[in-house]
Each structure stands twice: as C-alpha cells, then as structure tokens.
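**Student:** Here it is: the structure, laid out below.
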Amino acid sequence: MKQLAIKGIIPPVITPMNPEDESVNLSELRSQIERQIAGGVHGIFPFGTNGEAYILSLKEKEEILEATVDQVKGRIPVYAGTGCISTRDTVYLSKRAEALGADALSIITPSFALASQKELYDHYCEVARHVNIPIVLYNIPARTGNKLLPETVAKLAKDVDVILGAKDSSGDLENLKAYIALTRDIGKDFAVLAGNDGNILNCLKAGGAGGVAGRANLWPGTIASIYDCFMAGDLEKAQEAQDAITALQRVFRFGNPNTIIKKAVALMGYPVGDCRRPFHYLCEEGIAELKKVLDETRHLS
C-alpha cells in the first residue's frame, strides 16, 4: 500500500465553472490549487462537497483529477472524492482515481436510501479490496442521510488495512471525539479529521490529525496556521486563527454553505463562477452580509 501521513489542513477545493454554460474551468482550477499551495495547506481534495461532486459527471471528475494531479506535481497529497451511491460505482471511480495518480481516497457514505451499519461496513470493505491507496471514510449525515457510527469506524479501522482515516462532518463534537477515542489504540496510525471548520482546533486537542476545511478556499494561510501553530506548541496563535474564521458562520443562515463559499471566492475577485444550478442562489440580504464579512476579514490570508 502507498504510504501517506494523513494530516493537516486539506481544502476541498471548489470547482470553478464558466458562467455561460457551467462547464468546468480547468485553467482557474489550476490557479486555485496554486493559491492553496502558496497558503501552506497540507493536501488538496478535488470534487469533495465544496467541489460539487454531487453534480459532476464521471468524465468531469476524471478531467478534474487529471488536472489536479498534474498541477500539484507531488508537492502535497491529492485526496480524490470517489464515493457514489452504489458500491459498484464507488469501486469503479476509486480504481480510476488510483490509476490517475490520487494519493488517497475520500469516500463519502452512500446517500438517499437508508443503509444499516452492516451495509456500510460491507460497502467500504468491498471498495477497499480493489485499491491499494489509503481510504479516508467520510461521514456527513445531514447530506447523505446515513450516519457512520463510531463503532463502525473503529471496526473498519481495525479490519481493513487501507482504511487509514475518517472525516467527520456531522458537526457533533462528541461524535468526532468518539472517532478519535475508539481508533487510538488499534495498532496502526489512524487519522481523524474534522469536517466542520469550527472544530479543527478541538479535533487537534483531542488527538485528531487536522481538518478538511471548506473555508480554506477563502483563507488558506489562516486556516493552515491553525494546524501549524498547534503543532509548534503555540496554542494562543492557533486559537486566534480558529476564532478568525468564525465570522463566515453568520452568512450560513441564508443558504447552502457550498454556495456561500463559492460566492465568497468570486467576490474576492477570482473567476470561479457560481455553483451549478439549481444550487446557486443567495438572496440580496445574504450577499450583503457576505460582503460585510469579507470586509471584516480582509486582513486574513
């Protein structure tokens, strides 16, 4: 199996789109990747939730991953989001991602139909049989309708060699801590990542490995410093960086966080377009509040 230290701040990079036809803008994607790397992030995650994986075609995902791997050129790990609703499709996309040069896979739970914990366990075991790069489990029950319980995460971590991490985007700090506690002594390094930006420092303090941070699309340097300062033992500066990114939370009451983050990047002057319809709308009050937040945080990098 490919060796990889799963750690740090890993942005789920947005997928820039051309406004005239919503096609993927690979040139701007490369620019956004360079911006992230310049900010000091520790990995890059194409077609995650903030990358609109749910609405991209297979061909688009392959093109995005090819461009990402080519642009990164091994400087930081590339985590490919390959989770699909069916096990068969997840196996196919995971194998393709490995062939295209991904360093690791982030596999979201299946969605729409309710799955038992046994079905989720069997799903991940089957996908793992077909790849030889690390897998990071991805729990985001508010979006998928399926919660990956801490006990299931622990069993997968113990039983499957290539399953080396889990991202918890439930927003439930106790669930995140349970992921960490139940995988701490399993006989191998297992990385738990916060999927909620507000829990990055809490995750690190509890023994986690970092975070997959959507707001790094706005402020890669500031969010990367949460991890860097923590690892350097400067908890005060780590807390300052963590607190600095909270202002965006005010805007989330107006709409989909993905939509808000992408609009924020566009308002910062980058030609990334909107989220693909129908998930593109932010009311005028929301836009005004977003502009206010961006003005307040203009000192962040």
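Chain labels A, B, ... are given in the sequence in which chains occur in the structure tokens; within each chain residues are numbered consecutively from 1, and ligands are likewise numbered from 1 in the order shown.
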Which residues, written as a list of chain:residue names, have at least one atom at most 6 Å from Pro12 of chain A, with only C-alpha atoms counted and residues fewer than 3 positions away on the same chain left out?
**Tutor:**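 Contacts, with the query itself left out: A:Phe45, A:Pro46, A:Gly48, A:Asn50, A:Gly214.
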**Student:** Can those selected residues be exported to a file as an mmCIF file, in the first residue's frame so that it contains all heavy atoms?
**Tutor:**
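The file below, selection35.cif, is the result:
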data_model
loop_
_atom_site.group_PDB
_atom_site.id
_atom_site.type_symbol
_atom_site.label_atom_id
_atom_site.label_comp_id
_atom_site.auth_asym_id
_atom_site.auth_seq_id
_atom_site.Cartn_x
_atom_site.Cartn_y
_atom_site.Cartn_z
ATOM 1 N N PHE A 45 -8.059 18.405 -2.054
ATOM 2 C CA PHE A 45 -9.154 17.438 -2.144
ATOM 3 C C PHE A 45 -10.109 17.863 -3.263
ATOM 4 O O PHE A 45 -11.009 18.664 -3.038
ATOM 5 C CB PHE A 45 -9.847 17.392 -0.785
ATOM 6 C CG PHE A 45 -11.059 16.514 -0.664
ATOM 7 C CD1 PHE A 45 -11.417 15.592 -1.628
ATOM 8 C CD2 PHE A 45 -11.862 16.610 0.463
ATOM 9 C CE1 PHE A 45 -12.536 14.803 -1.499
ATOM 10 C CE2 PHE A 45 -12.985 15.827 0.620
ATOM 11 C CZ PHE A 45 -13.319 14.921 -0.365
ATOM 12 N N PRO A 46 -9.895 17.364 -4.495
ATOM 13 C CA PRO A 46 -10.811 17.699 -5.588
ATOM 14 C C PRO A 46 -12.120 16.917 -5.491
ATOM 15 O O PRO A 46 -12.170 15.829 -4.935
ATOM 16 C CB PRO A 46 -10.033 17.285 -6.834
ATOM 17 C CG PRO A 46 -9.150 16.168 -6.369
ATOM 18 C CD PRO A 46 -8.775 16.514 -4.943
ATOM 19 N N GLY A 48 -14.803 17.226 -3.677
ATOM 20 C CA GLY A 48 -15.469 16.955 -2.415
ATOM 21 C C GLY A 48 -16.817 17.646 -2.421
ATOM 22 O O GLY A 48 -17.337 18.028 -3.475
ATOM 23 N N ASN A 50 -17.568 20.682 -1.222
ATOM 24 C CA ASN A 50 -17.394 22.048 -1.719
ATOM 25 C C ASN A 50 -16.988 22.083 -3.190
ATOM 26 O O ASN A 50 -17.151 23.108 -3.855
ATOM 27 C CB ASN A 50 -16.357 22.796 -0.884
ATOM 28 C CG ASN A 50 -16.943 23.360 0.394
ATOM 29 O OD1 ASN A 50 -16.757 22.820 1.474
ATOM 30 N ND2 ASN A 50 -17.699 24.432 0.272
ATOM 31 N N GLY A 214 -13.552 23.727 4.293
ATOM 32 C CA GLY A 214 -14.114 24.442 3.155
ATOM 33 C C GLY A 214 -13.711 25.901 3.113
ATOM 34 O O GLY A 214 -13.509 26.476 2.045
#
**Student:** Env of Ser86 of chain A: 12 Å cut, atoms = only C-alpha atoms, seq-sep filter 6 positions within chain, self excluded. Answer as a tab-separated table (two decimals) with C-alpha atoms, in the first residue's frame.
**Tutor:**
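The result, stored in part_33.tsv:
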chain	number	residue	atom	x	y	z
A	92	TYR	CA	-15.04	1.91	-10.41
A	93	LEU	CA	-14.35	5.55	-9.55
A	107	ILE	CA	-15.22	8.04	0.31
A	108	ILE	CA	-18.50	9.52	1.44
A	109	THR	CA	-21.22	7.21	2.70
A	110	PRO	CA	-23.89	6.19	0.19
A	111	SER	CA	-26.88	8.51	0.13
A	112	PHE	CA	-30.64	8.70	-0.35
A	113	ALA	CA	-31.52	5.13	0.68
A	115	ALA	CA	-28.22	1.95	4.97
A	119	GLU	CA	-24.31	-2.46	4.78
A	120	LEU	CA	-21.94	0.48	5.29
A	122	ASP	CA	-19.62	-4.24	3.77
A	123	HIS	CA	-19.60	-1.35	1.28
A	124	TYR	CA	-16.27	0.00	2.50
A	126	GLU	CA	-15.63	-4.23	-0.83
A	127	VAL	CA	-14.22	-0.96	-2.16
**Student:** Of the candidates A:Pro278, A:Gly207, A:Gly273, A:Gly286, which one gets nearest to Glu20 of chain A if we count only C-alpha atoms?
**Tutor:**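 With only C-alpha atoms as the atom set, the closest residue is A:Gly273.
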**Student:** Name all residues at most 10 Å from Ile37 of chain A (count only C-alpha atoms; drop same-chain ones fewer than 4 positions away) and give them as a list in words.
**Tutor:**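 So, after excluding close chain neighbours, the residues are Pro11, Ser31, Gln32, Ile33, Val41, His42, Gly43, Ile44, Val72, Arg75, Ile76, Pro220 and Gly221 of chain A.
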**Student:** If you run DSSP on this backbone, which residues of segment 74-107 of chain A come out as helix (DSSP H, G or I), and could you give them as JSON, numbers by chain?
**Tutor:** {"A": [87, 88, 89, 90, 91, 92, 93, 94, 95, 96, 97, 98, 99]}
**Student:** Save out the residues we just selected, N, CA, C and O atoms, as a PDB file, in the first residue's frame.
**Tutor:**
ATOM      1  N   THR A  87     -22.087   0.561  -4.452  1.00  0.00           N
ATOM      2  CA  THR A  87     -20.755   0.004  -4.239  1.00  0.00           C
ATOM      3  C   THR A  87     -20.048  -0.172  -5.571  1.00  0.00           C
ATOM      4  O   THR A  87     -18.856   0.140  -5.706  1.00  0.00           O
ATOM      5  N   ARG A  88     -20.749  -0.656  -6.576  1.00  0.00           N
ATOM      6  CA  ARG A  88     -20.147  -0.879  -7.898  1.00  0.00           C
ATOM      7  C   ARG A  88     -19.549   0.399  -8.460  1.00  0.00           C
ATOM      8  O   ARG A  88     -18.404   0.407  -8.927  1.00  0.00           O
ATOM      9  N   ASP A  89     -20.302   1.489  -8.424  1.00  0.00           N
ATOM     10  CA  ASP A  89     -19.800   2.752  -8.974  1.00  0.00           C
ATOM     11  C   ASP A  89     -18.647   3.301  -8.138  1.00  0.00           C
ATOM     12  O   ASP A  89     -17.710   3.896  -8.674  1.00  0.00           O
ATOM     13  N   THR A  90     -18.717   3.111  -6.813  1.00  0.00           N
ATOM     14  CA  THR A  90     -17.635   3.580  -5.945  1.00  0.00           C
ATOM     15  C   THR A  90     -16.351   2.814  -6.231  1.00  0.00           C
ATOM     16  O   THR A  90     -15.259   3.404  -6.270  1.00  0.00           O
ATOM     17  N   VAL A  91     -16.460   1.512  -6.450  1.00  0.00           N
ATOM     18  CA  VAL A  91     -15.287   0.708  -6.820  1.00  0.00           C
ATOM     19  C   VAL A  91     -14.695   1.222  -8.120  1.00  0.00           C
ATOM     20  O   VAL A  91     -13.467   1.423  -8.232  1.00  0.00           O
ATOM     21  N   TYR A  92     -15.549   1.452  -9.103  1.00  0.00           N
ATOM     22  CA  TYR A  92     -15.041   1.907 -10.408  1.00  0.00           C
ATOM     23  C   TYR A  92     -14.316   3.244 -10.285  1.00  0.00           C
ATOM     24  O   TYR A  92     -13.184   3.399 -10.776  1.00  0.00           O
ATOM     25  N   LEU A  93     -14.950   4.225  -9.636  1.00  0.00           N
ATOM     26  CA  LEU A  93     -14.347   5.550  -9.549  1.00  0.00           C
ATOM     27  C   LEU A  93     -13.088   5.523  -8.684  1.00  0.00           C
ATOM     28  O   LEU A  93     -12.118   6.232  -8.977  1.00  0.00           O
ATOM     29  N   SER A  94     -13.078   4.694  -7.662  1.00  0.00           N
ATOM     30  CA  SER A  94     -11.895   4.598  -6.809  1.00  0.00           C
ATOM     31  C   SER A  94     -10.715   4.009  -7.578  1.00  0.00           C
ATOM     32  O   SER A  94      -9.566   4.479  -7.447  1.00  0.00           O
ATOM     33  N   LYS A  95     -10.973   2.992  -8.378  1.00  0.00           N
ATOM     34  CA  LYS A  95      -9.912   2.405  -9.200  1.00  0.00           C
ATOM     35  C   LYS A  95      -9.392   3.406 -10.222  1.00  0.00           C
ATOM     36  O   LYS A  95      -8.184   3.495 -10.483  1.00  0.00           O
ATOM     37  N   ARG A  96     -10.303   4.180 -10.803  1.00  0.00           N
ATOM     38  CA  ARG A  96      -9.898   5.207 -11.778  1.00  0.00           C
ATOM     39  C   ARG A  96      -9.047   6.274 -11.102  1.00  0.00           C
ATOM     40  O   ARG A  96      -8.038   6.726 -11.647  1.00  0.00           O
ATOM     41  N   ALA A  97      -9.447   6.691  -9.905  1.00  0.00           N
ATOM     42  CA  ALA A  97      -8.696   7.719  -9.187  1.00  0.00           C
ATOM     43  C   ALA A  97      -7.287   7.235  -8.873  1.00  0.00           C
ATOM     44  O   ALA A  97      -6.315   7.983  -9.013  1.00  0.00           O
ATOM     45  N   GLU A  98      -7.168   5.997  -8.449  1.00  0.00           N
ATOM     46  CA  GLU A  98      -5.841   5.436  -8.180  1.00  0.00           C
ATOM     47  C   GLU A  98      -5.008   5.422  -9.455  1.00  0.00           C
ATOM     48  O   GLU A  98      -3.828   5.806  -9.450  1.00  0.00           O
ATOM     49  N   ALA A  99      -5.595   5.007 -10.560  1.00  0.00           N
ATOM     50  CA  ALA A  99      -4.875   4.946 -11.833  1.00  0.00           C
ATOM     51  C   ALA A  99      -4.444   6.329 -12.311  1.00  0.00           C
ATOM     52  O   ALA A  99      -3.394   6.472 -12.959  1.00  0.00           O
TER      53      ALA A  99
END
**Student:** Rank nothing, just name the residue among A:Asn146, A:Leu182, A:Leu294, A:Val160 nearest to His130 of chain A, using only C-alpha atoms.
**Tutor:**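 The shortest atom-to-atom distance to His130 of chain A comes from A:Val160.
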**Student:** Quick one: DSSP strand (DSSP E) residues in segment 73-288 of chain A, as a PyMOL selection string?
**Tutor:** chain A and resi 79-81+104-108+135-139+163-168+191-194+210-211
**Student:** Might you pull out every residue within 12 Å of Leu149 of chain A, with only C-alpha atoms counted and same-chain residues fewer than 3 positions away left off, and present them as an NGL selection string?
**Tutor:** :A and (109 or 115-118 or 120-121 or 137-141 or 146 or 152-156 or 166 or 168 or 170 or 172 or 174-179 or 182)
**Student:** Which polymer residues have any atom within 9 Å of an atom of Ala53 of chain A, counting only C-alpha atoms, with same-chain residues fewer than 4 positions away left out, as a list in words?
**Tutor:**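 Non-adjacent residues within range: Thr15, Pro46, Phe47, Gly48, Thr49, Ser57, Lys61, Gly81 and Thr82 of chain A.
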**Student:** Which is closest to Val162 of chain A among A:Ala266, A:Leu58, A:Val13, A:Met1, if we use only C-alpha atoms?
**Tutor:**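 Of A:Ala266, A:Leu58, A:Val13, A:Met1, the one nearest Val162 of chain A, counting only C-alpha atoms, is A:Met1.
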